[in-house]
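For reference, final17.pdb (PDB, C-alpha atoms, pLDDT in the B column):
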ATOM      1  CA  MET A  27       0.000   0.000   0.000  1.00 58.00           C
ATOM      2  CA  GLU A  28       2.842   2.391   0.852  1.00 63.00           C
ATOM      3  CA  LYS A  29       4.509   1.779  -2.542  1.00 60.00           C
ATOM      4  CA  LEU A  30       1.218   2.497  -4.296  1.00 52.00           C
ATOM      5  CA  SER A  31       0.812   5.783  -2.407  1.00 55.00           C
ATOM      6  CA  ILE A  32       4.343   6.863  -3.343  1.00 58.00           C
ATOM      7  CA  LEU A  33       3.715   5.927  -6.981  1.00 51.00           C
ATOM      8  CA  LEU A  34       0.452   7.906  -7.096  1.00 52.00           C
ATOM      9  CA  CYS A  35       2.051  10.970  -5.462  1.00 54.00           C
ATOM     10  CA  SER A  36       4.988  10.824  -7.889  1.00 57.00           C
ATOM     11  CA  THR A  37       2.657  10.528 -10.875  1.00 56.00           C
ATOM     12  CA  MET A  38       0.564  13.485  -9.708  1.00 57.00           C
ATOM     13  CA  LEU A  39       3.667  15.603  -9.129  1.00 53.00           C
ATOM     14  CA  CYS A  40       5.065  14.839 -12.579  1.00 54.00           C
ATOM     15  CA  THR A  41       1.714  15.542 -14.249  1.00 49.00           C
ATOM     16  CA  THR A  42       1.334  18.882 -12.433  1.00 46.00           C
ATOM     17  CA  THR A  43       4.886  19.884 -13.332  1.00 44.00           C
ATOM     18  CA  SER A  44       4.289  18.923 -16.958  1.00 42.00           C
ATOM     19  CA  ILE A  45       1.132  21.043 -17.132  1.00 45.00           C
ATOM     20  CA  MET A  46       2.852  24.042 -15.531  1.00 48.00           C
ATOM     21  CA  ALA A  47       5.780  23.813 -17.939  1.00 43.00           C
ATOM     22  CA  GLN A  48       3.513  24.483 -20.924  1.00 44.00           C
ATOM     23  CA  ALA A  49       3.005  28.175 -20.095  1.00 53.00           C
ATOM     24  CA  ASP A  50       3.704  30.794 -22.779  1.00 61.00           C
ATOM     25  CA  PHE A  51       7.202  32.172 -23.091  1.00 61.00           C
ATOM     26  CA  ALA A  52       8.195  35.414 -24.750  1.00 65.00           C
ATOM     27  CA  THR A  53      11.474  36.321 -26.377  1.00 68.00           C
ATOM     28  CA  LEU A  54      12.747  39.885 -26.371  1.00 67.00           C
ATOM     29  CA  PRO A  55      14.591  41.344 -29.382  1.00 67.00           C
ATOM     30  CA  ASP A  56      18.377  41.681 -29.393  1.00 71.00           C
ATOM     31  CA  ASP A  57      19.784  44.556 -27.316  1.00 76.00           C
ATOM     32  CA  VAL A  58      16.668  44.645 -25.109  1.00 81.00           C
ATOM     33  CA  GLN A  59      16.804  43.649 -21.452  1.00 85.00           C
ATOM     34  CA  ALA A  60      13.956  42.890 -19.079  1.00 86.00           C
ATOM     35  CA  LYS A  61      14.747  44.511 -15.723  1.00 88.00           C
ATOM     36  CA  ALA A  62      11.756  43.630 -13.495  1.00 90.00           C
ATOM     37  CA  ILE A  63       8.258  42.200 -13.433  1.00 92.00           C
ATOM     38  CA  SER A  64       5.382  43.672 -11.429  1.00 92.00           C
ATOM     39  CA  PRO A  65       4.262  41.752  -8.311  1.00 92.00           C
ATOM     40  CA  ASN A  66       1.003  40.739 -10.020  1.00 92.00           C
ATOM     41  CA  GLY A  67       2.879  39.572 -13.138  1.00 92.00           C
ATOM     42  CA  ASN A  68       0.991  41.920 -15.493  1.00 93.00           C
ATOM     43  CA  TYR A  69       3.911  44.178 -16.486  1.00 93.00           C
ATOM     44  CA  VAL A  70       7.571  43.830 -17.390  1.00 92.00           C
ATOM     45  CA  VAL A  71       9.877  46.857 -17.508  1.00 91.00           C
ATOM     46  CA  GLY A  72      13.113  46.888 -19.450  1.00 88.00           C
ATOM     47  CA  SER A  73      15.572  48.920 -21.462  1.00 87.00           C
ATOM     48  CA  LYS A  74      17.357  48.957 -24.778  1.00 83.00           C
ATOM     49  CA  GLY A  75      21.094  48.602 -24.957  1.00 70.00           C
ATOM     50  CA  TYR A  76      23.560  47.927 -22.218  1.00 67.00           C
ATOM     51  CA  TYR A  77      25.190  51.284 -21.457  1.00 68.00           C
ATOM     52  CA  GLY A  78      25.321  54.914 -22.503  1.00 67.00           C
ATOM     53  CA  GLU A  79      22.576  56.734 -24.350  1.00 69.00           C
ATOM     54  CA  ASP A  80      20.992  53.535 -25.675  1.00 65.00           C
ATOM     55  CA  ALA A  81      20.309  52.341 -22.125  1.00 69.00           C
ATOM     56  CA  MET A  82      18.288  55.518 -21.454  1.00 78.00           C
ATOM     57  CA  GLN A  83      15.372  54.017 -23.422  1.00 84.00           C
ATOM     58  CA  SER A  84      12.785  52.086 -21.400  1.00 87.00           C
ATOM     59  CA  PHE A  85       9.679  50.070 -22.217  1.00 88.00           C
ATOM     60  CA  VAL A  86       6.778  48.396 -20.449  1.00 90.00           C
ATOM     61  CA  TRP A  87       5.447  45.107 -21.785  1.00 90.00           C
ATOM     62  CA  ASP A  88       1.867  44.192 -20.859  1.00 92.00           C
ATOM     63  CA  THR A  89       1.847  40.411 -20.346  1.00 90.00           C
ATOM     64  CA  GLU A  90      -1.903  40.114 -20.961  1.00 90.00           C
ATOM     65  CA  SER A  91      -2.223  42.147 -24.163  1.00 90.00           C
ATOM     66  CA  LYS A  92       1.342  41.300 -25.302  1.00 88.00           C
ATOM     67  CA  GLU A  93       1.839  45.002 -26.151  1.00 89.00           C
ATOM     68  CA  THR A  94       5.193  46.718 -25.743  1.00 87.00           C
ATOM     69  CA  THR A  95       5.072  50.459 -25.092  1.00 86.00           C
ATOM     70  CA  TRP A  96       8.284  52.468 -25.257  1.00 85.00           C
ATOM     71  CA  LYS A  97       7.978  55.004 -22.432  1.00 85.00           C
ATOM     72  CA  THR A  98      11.285  56.815 -22.763  1.00 83.00           C
ATOM     73  CA  MET A  99      13.669  57.524 -25.623  1.00 82.00           C
ATOM     74  CA  TYR A 100      17.017  59.280 -25.318  1.00 82.00           C
ATOM     75  CA  ASP A 101      16.787  62.923 -26.438  1.00 81.00           C
ATOM     76  CA  ALA A 102      19.835  65.091 -25.675  1.00 79.00           C
ATOM     77  CA  ALA A 103      17.753  68.252 -26.242  1.00 83.00           C
ATOM     78  CA  ASN A 104      15.014  67.154 -23.810  1.00 84.00           C
ATOM     79  CA  LEU A 105      16.338  64.849 -21.101  1.00 80.00           C
ATOM     80  CA  ASP A 106      12.855  64.613 -19.525  1.00 81.00           C
ATOM     81  CA  LYS A 107      11.995  62.147 -22.324  1.00 82.00           C
ATOM     82  CA  SER A 108      14.769  59.726 -21.405  1.00 81.00           C
ATOM     83  CA  GLY A 109      15.498  57.420 -18.505  1.00 84.00           C
ATOM     84  CA  LEU A 110      16.629  54.004 -17.389  1.00 85.00           C
ATOM     85  CA  PHE A 111      13.690  52.491 -15.546  1.00 87.00           C
ATOM     86  CA  MET A 112      14.187  49.217 -13.697  1.00 87.00           C
ATOM     87  CA  GLY A 113      11.121  48.701 -11.483  1.00 90.00           C
ATOM     88  CA  VAL A 114       7.379  48.468 -12.116  1.00 90.00           C
ATOM     89  CA  ASN A 115       4.318  48.219  -9.859  1.00 89.00           C
ATOM     90  CA  ASP A 116       0.949  46.514 -10.352  1.00 90.00           C
ATOM     91  CA  ASN A 117      -0.416  49.611 -12.154  1.00 89.00           C
ATOM     92  CA  GLY A 118       2.407  49.823 -14.720  1.00 89.00           C
ATOM     93  CA  VAL A 119       4.088  52.835 -13.059  1.00 88.00           C
ATOM     94  CA  ILE A 120       7.855  52.559 -13.581  1.00 89.00           C
ATOM     95  CA  VAL A 121      10.760  53.773 -11.447  1.00 88.00           C
ATOM     96  CA  GLY A 122      14.458  54.194 -12.109  1.00 88.00           C
ATOM     97  CA  THR A 123      16.860  56.980 -13.016  1.00 86.00           C
ATOM     98  CA  MET A 124      17.020  59.834 -15.496  1.00 86.00           C
ATOM     99  CA  LYS A 125      19.558  62.451 -16.438  1.00 85.00           C
ATOM    100  CA  ASP A 126      18.825  65.710 -14.604  1.00 84.00           C
ATOM    101  CA  LYS A 127      19.621  68.764 -16.741  1.00 83.00           C
ATOM    102  CA  ASP A 128      19.737  70.862 -13.548  1.00 82.00           C
ATOM    103  CA  MET A 129      22.580  68.787 -12.094  1.00 81.00           C
ATOM    104  CA  THR A 130      25.678  69.054 -14.277  1.00 82.00           C
ATOM    105  CA  LYS A 131      29.425  69.418 -13.920  1.00 83.00           C
ATOM    106  CA  ASP A 132      31.840  70.832 -16.473  1.00 87.00           C
ATOM    107  CA  VAL A 133      34.791  68.497 -16.849  1.00 86.00           C
ATOM    108  CA  PRO A 134      37.976  70.127 -18.136  1.00 89.00           C
ATOM    109  CA  ALA A 135      39.959  68.708 -21.036  1.00 89.00           C
ATOM    110  CA  SER A 136      42.661  66.170 -20.270  1.00 87.00           C
ATOM    111  CA  ASP A 137      45.265  64.206 -22.195  1.00 90.00           C
ATOM    112  CA  TRP A 138      42.579  61.601 -22.919  1.00 87.00           C
ATOM    113  CA  ASN A 139      39.382  63.634 -23.399  1.00 85.00           C
ATOM    114  CA  ASP A 140      38.135  66.962 -24.663  1.00 93.00           C
ATOM    115  CA  ALA A 141      36.207  69.132 -22.191  1.00 92.00           C
ATOM    116  CA  TYR A 142      32.602  68.042 -21.686  1.00 88.00           C
ATOM    117  CA  THR A 143      29.621  68.507 -19.403  1.00 87.00           C
ATOM    118  CA  LEU A 144      28.679  65.590 -17.181  1.00 83.00           C
ATOM    119  CA  THR A 145      24.966  65.258 -16.401  1.00 83.00           C
ATOM    120  CA  PHE A 146      24.120  63.459 -13.154  1.00 83.00           C
ATOM    121  CA  ASN A 147      21.412  60.814 -12.857  1.00 83.00           C
ATOM    122  CA  THR A 148      18.615  61.219 -10.326  1.00 85.00           C
ATOM    123  CA  ALA A 149      15.875  58.899  -9.108  1.00 85.00           C
ATOM    124  CA  ALA A 150      12.621  59.244 -11.060  1.00 86.00           C
ATOM    125  CA  VAL A 151       9.078  57.916 -11.521  1.00 87.00           C
ATOM    126  CA  TRP A 152       7.377  57.697 -14.924  1.00 86.00           C
ATOM    127  CA  LYS A 153       3.584  57.844 -14.680  1.00 84.00           C
ATOM    128  CA  ASN A 154       0.870  58.859 -17.142  1.00 83.00           C
ATOM    129  CA  GLY A 155       3.339  59.993 -19.794  1.00 81.00           C
ATOM    130  CA  SER A 156       5.473  62.261 -17.644  1.00 81.00           C
ATOM    131  CA  VAL A 157       8.466  61.973 -15.369  1.00 82.00           C
ATOM    132  CA  THR A 158       8.798  63.116 -11.757  1.00 83.00           C
ATOM    133  CA  LYS A 159      12.358  63.658 -10.536  1.00 83.00           C
ATOM    134  CA  LEU A 160      12.927  62.445  -6.992  1.00 80.00           C
ATOM    135  CA  GLY A 161      16.399  63.921  -6.512  1.00 75.00           C
ATOM    136  CA  ILE A 162      19.380  62.211  -4.958  1.00 72.00           C
ATOM    137  CA  GLY A 163      17.847  61.543  -1.569  1.00 65.00           C
ATOM    138  CA  ASP A 164      18.485  62.813   1.916  1.00 65.00           C
ATOM    139  CA  ASN A 165      21.956  61.387   2.403  1.00 61.00           C
ATOM    140  CA  LYS A 166      23.790  64.397   3.856  1.00 65.00           C
ATOM    141  CA  ILE A 167      27.263  63.207   2.840  1.00 62.00           C
ATOM    142  CA  VAL A 168      26.215  62.573  -0.780  1.00 63.00           C
ATOM    143  CA  ARG A 169      24.513  65.981  -0.988  1.00 63.00           C
ATOM    144  CA  GLU A 170      27.549  67.794   0.479  1.00 70.00           C
ATOM    145  CA  LYS A 171      30.009  66.051  -1.873  1.00 63.00           C
ATOM    146  CA  LEU A 172      27.777  66.738  -4.884  1.00 63.00           C
ATOM    147  CA  GLN A 173      27.419  70.416  -3.952  1.00 65.00           C
ATOM    148  CA  GLN A 174      31.193  70.716  -3.426  1.00 65.00           C
ATOM    149  CA  SER A 175      31.796  69.070  -6.772  1.00 60.00           C
ATOM    150  CA  LEU A 176      29.322  71.337  -8.562  1.00 59.00           C
ATOM    151  CA  ALA A 177      31.005  74.356  -6.928  1.00 62.00           C
ATOM    152  CA  GLY A 178      34.407  73.116  -8.140  1.00 58.00           C
ATOM    153  CA  GLU A 179      35.732  72.592  -4.616  1.00 58.00           C
ATOM    154  CA  ILE A 180      36.455  68.899  -5.151  1.00 50.00           C
ATOM    155  CA  THR A 181      36.730  66.519  -8.093  1.00 49.00           C
ATOM    156  CA  LEU A 182      34.546  63.417  -8.177  1.00 44.00           C
TER     157      LEU A 182
END
What do you get writing this file as structure tokens?
Amino acid sequence: MEKLSILLCSTMLCTTTSIMAQADFATLPDDVQAKAISPNGNYVVGSKGYYGEDAMQSFVWDTESKETTWKTMYDAANLDKSGLFMGVNDNGVIVGTMKDKDMTKDVPASDWNDAYTLTFNTAAVWKNGSVTKLGIGDNKIVREKLQQSLAGEITL
């Protein structure tokens, strides 16, 4: 009787696993990365590219409708349209970072590079087609070092 019970339990486990394994799978295009899935499983957030300007393009994929919506695209003239978003909630609201045009640092030329302006990233939320900058937080040391750097008192 014990052997029969073990056999029945094993058969049921294998059958259940087999049924679960037949769920739909989706494949993302090349150069696109999924970053997170919402707790309810309805949304996936991701980005294009791996670094630099390409990575500042984010999408949300609706797992029910199978629709991909690009939320942000890199635009050097309007940084509010770009961002690297890596979290999503049950309502499809995404969170991550964006370049903040109000937080920059001029970097002087060196033997390796021409002079350029560095734009800092800040935390952000993308909701209903617009971005809300959250700043760099309340960490006093980070704020002081950033302010000193922006004032030219120290080099990051």
Item to check | Reference answer for the PyMOL selection byres ((chain A and resi 92-96) around 12), as number ranges by chain | outcome: A: 50-55, 58, 60, 68-74, 82-91, 97-100, 107-111, 118, 120, 152, 155
Those same residues - C-alpha atoms - I'd like them written as a PDB file, keeping the file's coordinate frame.
ATOM      1  CA  ASP A  50       3.704  30.794 -22.779  1.00 61.00           C
ATOM      2  CA  PHE A  51       7.202  32.172 -23.091  1.00 61.00           C
ATOM      3  CA  ALA A  52       8.195  35.414 -24.750  1.00 65.00           C
ATOM      4  CA  THR A  53      11.474  36.321 -26.377  1.00 68.00           C
ATOM      5  CA  LEU A  54      12.747  39.885 -26.371  1.00 67.00           C
ATOM      6  CA  PRO A  55      14.591  41.344 -29.382  1.00 67.00           C
ATOM      7  CA  VAL A  58      16.668  44.645 -25.109  1.00 81.00           C
ATOM      8  CA  ALA A  60      13.956  42.890 -19.079  1.00 86.00           C
ATOM      9  CA  ASN A  68       0.991  41.920 -15.493  1.00 93.00           C
ATOM     10  CA  TYR A  69       3.911  44.178 -16.486  1.00 93.00           C
ATOM     11  CA  VAL A  70       7.571  43.830 -17.390  1.00 92.00           C
ATOM     12  CA  VAL A  71       9.877  46.857 -17.508  1.00 91.00           C
ATOM     13  CA  GLY A  72      13.113  46.888 -19.450  1.00 88.00           C
ATOM     14  CA  SER A  73      15.572  48.920 -21.462  1.00 87.00           C
ATOM     15  CA  LYS A  74      17.357  48.957 -24.778  1.00 83.00           C
ATOM     16  CA  MET A  82      18.288  55.518 -21.454  1.00 78.00           C
ATOM     17  CA  GLN A  83      15.372  54.017 -23.422  1.00 84.00           C
ATOM     18  CA  SER A  84      12.785  52.086 -21.400  1.00 87.00           C
ATOM     19  CA  PHE A  85       9.679  50.070 -22.217  1.00 88.00           C
ATOM     20  CA  VAL A  86       6.778  48.396 -20.449  1.00 90.00           C
ATOM     21  CA  TRP A  87       5.447  45.107 -21.785  1.00 90.00           C
ATOM     22  CA  ASP A  88       1.867  44.192 -20.859  1.00 92.00           C
ATOM     23  CA  THR A  89       1.847  40.411 -20.346  1.00 90.00           C
ATOM     24  CA  GLU A  90      -1.903  40.114 -20.961  1.00 90.00           C
ATOM     25  CA  SER A  91      -2.223  42.147 -24.163  1.00 90.00           C
ATOM     26  CA  LYS A  97       7.978  55.004 -22.432  1.00 85.00           C
ATOM     27  CA  THR A  98      11.285  56.815 -22.763  1.00 83.00           C
ATOM     28  CA  MET A  99      13.669  57.524 -25.623  1.00 82.00           C
ATOM     29  CA  TYR A 100      17.017  59.280 -25.318  1.00 82.00           C
ATOM     30  CA  LYS A 107      11.995  62.147 -22.324  1.00 82.00           C
ATOM     31  CA  SER A 108      14.769  59.726 -21.405  1.00 81.00           C
ATOM     32  CA  GLY A 109      15.498  57.420 -18.505  1.00 84.00           C
ATOM     33  CA  LEU A 110      16.629  54.004 -17.389  1.00 85.00           C
ATOM     34  CA  PHE A 111      13.690  52.491 -15.546  1.00 87.00           C
ATOM     35  CA  GLY A 118       2.407  49.823 -14.720  1.00 89.00           C
ATOM     36  CA  ILE A 120       7.855  52.559 -13.581  1.00 89.00           C
ATOM     37  CA  TRP A 152       7.377  57.697 -14.924  1.00 86.00           C
ATOM     38  CA  GLY A 155       3.339  59.993 -19.794  1.00 81.00           C
TER      39      GLY A 155
END
List as a PDB file with C-alpha atoms, in the coordinates of the input: which residues have an atom within 10 Å of (18.3, 50.8, -11.6), counting all atoms listed in the file?
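out.pdb written:
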ATOM      1  CA  LYS A  61      14.747  44.511 -15.723  1.00 88.00           C
ATOM      2  CA  ALA A  62      11.756  43.630 -13.495  1.00 90.00           C
ATOM      3  CA  GLY A 109      15.498  57.420 -18.505  1.00 84.00           C
ATOM      4  CA  LEU A 110      16.629  54.004 -17.389  1.00 85.00           C
ATOM      5  CA  PHE A 111      13.690  52.491 -15.546  1.00 87.00           C
ATOM      6  CA  MET A 112      14.187  49.217 -13.697  1.00 87.00           C
ATOM      7  CA  GLY A 113      11.121  48.701 -11.483  1.00 90.00           C
ATOM      8  CA  VAL A 121      10.760  53.773 -11.447  1.00 88.00           C
ATOM      9  CA  GLY A 122      14.458  54.194 -12.109  1.00 88.00           C
ATOM     10  CA  THR A 123      16.860  56.980 -13.016  1.00 86.00           C
ATOM     11  CA  MET A 124      17.020  59.834 -15.496  1.00 86.00           C
ATOM     12  CA  ALA A 149      15.875  58.899  -9.108  1.00 85.00           C
TER      13      ALA A 149
END
Item to check | Å distance separating atom CA of Asp126 of chain A from atom CA of Ala141 of chain A, one decimal place | outcome: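 Pair atom CA of Asp126 of chain A / atom CA of Ala141 of chain A returns 19.3 Å.
Between Gly161 of chain A and the candidates A:Ile63, A:Met129, A:Ala102, A:Val114, the tightest atom-to-atom separation, counting all atoms listed in the file, involves A:Met129.
As for atom CA of Asn66 of chain A and atom CA of Lys153 of chain A, they are spaced 17.9 Å apart.
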Checklist entry - So how far away is atom CA of Asp57 of chain A from atom CA of Thr158 of chain A, in Å? => result 26.6 Å
Surrounding residues of Leu144 of chain A excluding itself and chain neighbours under 4 positions, 7 Å, all atoms listed in the file, as a PDB file with C-alpha atoms, in the coordinates of the input:
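That gives us selection_6.pdb:
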ATOM      1  CA  THR A 130      25.678  69.054 -14.277  1.00 82.00           C
ATOM      2  CA  LYS A 131      29.425  69.418 -13.920  1.00 83.00           C
ATOM      3  CA  ASP A 132      31.840  70.832 -16.473  1.00 87.00           C
ATOM      4  CA  VAL A 133      34.791  68.497 -16.849  1.00 86.00           C
TER       5      VAL A 133
END
Checklist entry - Looking at only C-alpha atoms, which of A:Asn154, A:Thr145, A:Asn117, A:Ser64 is the one that sits closest to Leu105 of chain A? => result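 When distances to Leu105 of chain A are compared using only C-alpha atoms, the smallest one comes from A:Thr145.
When all atoms listed in the file are used to compute distances to Leu160 of chain A, the closest of the residues A:Gly67, A:Lys125, A:Gln59, A:Asp140 turns out to be A:Lys125.
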